[in-house]
Amino acid sequence: MSGKPRLLWQLFPSYLLIIVLSLGAATWFASRTFDRFLHERYAADLEARARILESPVSSLLLEGAYARIDRLAKEIGGKAATRVTVILPSGRVVGDTHEDPAAMDNHADRMEISRAVRKGVGVSTRYSRTLDQEMMYVGLALEHDSGLLGVLRTSVPFTPIDRAIGRMTSRVALGGLLVALLAAGLSLWISRRHARPLEAMKQGAERFAAGELDFRLPVPESEEMSALAAALNQMAAELEARLRDIRTQRNQLEAVLSSMVEGVIAVDVEERVIRMNPAAARMLGCSPAGARNRSIQEVSRNTGLQRFVAETLESDALVERDLSIHVEKDRLVHAHGTGLWDDRGDRMGSLIVLDDITRLRRLENIRRDFAANVSHEIKTPITAIKGFVETLRETGTRDDPATTQRFLEIIARHAERLEVLLEDLLDLSRIEEEEQAGGIGLQPGHLSEILHEAAGMVREKTGVRKDPFRISCPPGLVVPMNPVLLEQAFVNLLENAVKYSPSGSEVRVSAARSGGEAVVRVEDSGSGIPAEHLDRIFERFYRVDRSRSRKLGGTGLGLAIVKHVIQIHGGSVEVESTPGRGSTFTVRLGIGGEGAPS
């Protein structure tokens with residue numbers, strides 16, 4: 001509440017004050033006019049009565065018949081309801097309607113007497129001590145050739161005149177009050193009529209401010225108010241159109257920023273975040289809304305990013321740098337920073353674009369490692385074969401057939417290893433080509449058959465006498481599969497479990513339905529895999545223990561083949577391991593149905 005009065009209570013009191021002042025002035029003027037009129041009327045009437053008595057009283061004064069004058073005053077005064085008093089120039093009273101002249105005071109100092117002596121006629125209204133009431137007096141000078149004979153005074157009580165004036169004033173006041181009430185009601189109605197359109201416009205402006213820009217004000221009848229309402233309606237329409245455009249542009253910008261995989265951060269010159277898209281928020285581990293209007297130091301504790309933002313604010317050129325960011329996991333980002341300018345060309349901050357190159361760098365490292373590993377894996381047997389062949393060529397075999405036989409076995413073993421390596425590479429390449437070409441054809445098949453066949457192949461390949469596998473799989477568990485590839489994947493898993501487990505230990509293979517998928521677990525009791533290697537063991541040529549892996553005849557491609565085979569079956573593979581206690585590989589495959597395959 002602002003505490004300011006409403007327009008109605010500004011207009012109405014003004015109108016009411018004008019009406020009250022006008023009626024009060026009119027009432028006062030009417031009362032004064034009526035009072036003056038009655039005074040003049042009564043004064044004229046008393047003067048007329050005095051004029052009637054002027055001649056007889058003058059005659060009696062010339063004769064000195066004062067007793068007759070007193071009787072005349074009492075007789076005439078009684079009949080005319082008028083007090084008649086005759087005063088000599090000396091002030092002596094010689095005749096009076098109500099009193100004995102001899103007992104009356106000298107009247108020379110009376111106002112009406114002194115005025116009559118000076119001007120011929122004197123009028124006065126005052127309280128009479130003789131009659132104990134308010135009286136109106138008119139004095140008439142009686143003159144003769146010989147000079148002033150005396151003063152003839154007529155008077156009447158003024159109380160009836162006061163009553164008449166009071167009654168008239170009361171009536172005028174009552175009439176004025178009624179008129180004031182009517183005028184007040186009329187002014188209130190007029191004030192409300194003038195204030196109502198403004199109140200409607202105020203409410204309309206509040207609705208505009210609240211966002212209801214489709215609302216339109218009613219147009220009043222008056223020209224000024226209708227022009228104002230039309231202007232407000234036009235303003236609302238223009239605002240609605242501009243806000244619609246701004247909202248559309250904002251939504252488009254939000255859609256673009258939200259769809260970007262690159263992180264975008266806009267900061268002002270004081271390093272406070274103006275805008276941040278979801279990708280940047282994920283990289284920095286915060287929320288876009290929570291980061292707004294906060295400094296970059298509050299949003300991210302990464303000193304490299306903080307220094308990069310400060311550098312972009314100080315430079316007008318493009319700034320680029322690779323940054324390492326750790327939020328939940330390590331990320332490597334390539335940061336681009338450039339100036340942010342307003343429409344007047346003033347610097348308002350900087351725009352930072354963060355491109356997550358973690359996977360790209362990881363793939364580059366994998367590619368580099370793959371090239372190095374392939375070269376190394378192929379070069380090792382070739383070097384060994386070449387060395388032993390040259391030795392045999394130089395020394396000959398006639399004198400030492402045992403040594404020759406040992407060299408030939410070594411050459412055969414390395415050639416076999418080279419053949420296995422090439423076969424694995426060809427298998428992996430074939431699987432990837434089929435995956436890129438749109439996948440392979442899958443048919444429903446019994447998972448238990450695949451597991452038992454894979455176990456049999458591993459037993460023959462490793463040459464173990466005692467069956468190391470304990471397989472548990474429901475006979476009716478069916479999954480979509482390519483039997484050859486899926487069998488190869490499980491052969492690799494089971495072969496690794498046997499190779500890296502102590503001799504005579506048991507490998508547990510279990511399969512079960514879990515929700516809408518089949519889950520196969522291969523558990524061994526081998527040496528286990530350290531935690532730092534778990535994320536990379538499915539990479540090509542990656543070995544936890546290189547010397548032991550080569551000794552056991554591994555190529556480093558077995559788990560990579562497993563991963564690709566399971567992926568083209570629409571499944572996933574993961575590993576859990578505890579060093580010294582063994583490893584558990586979990587394969588998840590979609591379920592095609594129950595019963596025999598079609």
# chains A, B, ... in the order shown; residues from 1 in each chain; ligands from 1
$ residues_around --residues "A:Thr586" --least-positions-apart "4" --cutoff "9 Å" --atoms "only C-alpha atoms" --output "JSON list (two decimals) with C-alpha atoms, in the first residue's frame"
[["chain", "number", "residue", "atom", "x", "y", "z"],
["A", 519, "VAL", "CA", 22.28, -62.70, -17.05],
["A", 520, "VAL", "CA", 25.31, -64.99, -17.34],
["A", 521, "ARG", "CA", 28.03, -64.88, -14.71],
["A", 522, "VAL", "CA", 31.48, -66.45, -15.09],
["A", 523, "GLU", "CA", 33.26, -66.60, -11.72],
["A", 572, "SER", "CA", 26.60, -55.67, -22.33],
["A", 573, "VAL", "CA", 29.52, -57.15, -20.43],
["A", 574, "GLU", "CA", 31.10, -55.93, -17.21],
["A", 575, "VAL", "CA", 33.61, -57.18, -14.68],
["A", 576, "GLU", "CA", 34.02, -57.15, -10.93]]
$ residues_around --residues "A:Pro220" --least-positions-apart "3" --cutoff "7 Å" --atoms "only C-alpha atoms" --output "list in words"
Pro197, Met225 and Ser226 of chain A
$ atom_distance --atom1 "atom CA of A:Val138" --atom2 "atom CA of A:Val123"
4.5 Å
$ closest_residue --among "A:Thr303, A:Ser525, A:Asn482, A:Ser187" --to "A:Val20" --atoms "only C-alpha atoms"
A:Ser187
$ residues_around --residues "A:Leu217" --least-positions-apart "2" --cutoff "12 Å" --atoms "only C-alpha atoms" --output "number ranges by chain"
A: 197-208, 212-215, 219-220, 225-237
$ residues_around --residues "A:Leu534" --least-positions-apart "3" --cutoff "10 Å" --atoms "only C-alpha atoms" --output "PyMOL selection string"
chain A and resi 529-531+537-538+544+574-577
$ residues_around --residues "A:Phe308" --least-positions-apart "6" --cutoff "12 Å" --atoms "only C-alpha atoms" --output "MDAnalysis selection string"
chainID A and resid 267 271 296:297 302 314:315 318:324 334:338 350:354
$ decode --residues "stretch 73-87 of chain A" --atoms "N, CA and C atoms" --output "compact mmCIF listing (two decimals), in the first residue's frame"
# COMPACT_ATOMS: atom_id res chain seq x y z
N ALA A 73 -48.33 61.58 22.97
CA ALA A 73 -47.38 60.47 22.77
C ALA A 73 -47.97 59.17 23.31
N LYS A 74 -48.64 59.25 24.46
CA LYS A 74 -49.20 58.03 25.03
C LYS A 74 -50.40 57.56 24.23
N GLU A 75 -51.20 58.49 23.70
CA GLU A 75 -52.37 58.11 22.96
C GLU A 75 -51.99 57.52 21.60
N ILE A 76 -51.17 58.25 20.87
CA ILE A 76 -50.77 57.80 19.53
C ILE A 76 -49.93 56.53 19.62
N GLY A 77 -49.03 56.48 20.58
CA GLY A 77 -48.15 55.32 20.71
C GLY A 77 -48.93 54.06 21.04
N GLY A 78 -49.94 54.22 21.88
CA GLY A 78 -50.72 53.05 22.23
C GLY A 78 -51.49 52.51 21.04
N LYS A 79 -52.01 53.44 20.23
CA LYS A 79 -52.78 52.99 19.08
C LYS A 79 -51.89 52.42 17.97
N ALA A 80 -50.73 53.00 17.78
CA ALA A 80 -49.86 52.58 16.67
C ALA A 80 -48.84 51.53 17.08
N ALA A 81 -48.91 51.05 18.34
CA ALA A 81 -47.95 50.06 18.85
C ALA A 81 -46.53 50.55 18.61
N THR A 82 -46.36 51.84 18.84
CA THR A 82 -45.05 52.45 18.61
C THR A 82 -44.76 53.35 19.78
N ARG A 83 -43.57 53.28 20.27
CA ARG A 83 -43.16 54.16 21.36
C ARG A 83 -42.79 55.51 20.75
N VAL A 84 -43.43 56.55 21.26
CA VAL A 84 -43.17 57.91 20.77
C VAL A 84 -42.55 58.71 21.92
N THR A 85 -41.45 59.35 21.64
CA THR A 85 -40.74 60.14 22.64
C THR A 85 -40.39 61.49 22.03
N VAL A 86 -40.67 62.59 22.79
CA VAL A 86 -40.35 63.94 22.33
C VAL A 86 -39.28 64.50 23.25
N ILE A 87 -38.15 64.94 22.65
CA ILE A 87 -37.00 65.43 23.41
C ILE A 87 -36.70 66.85 22.97
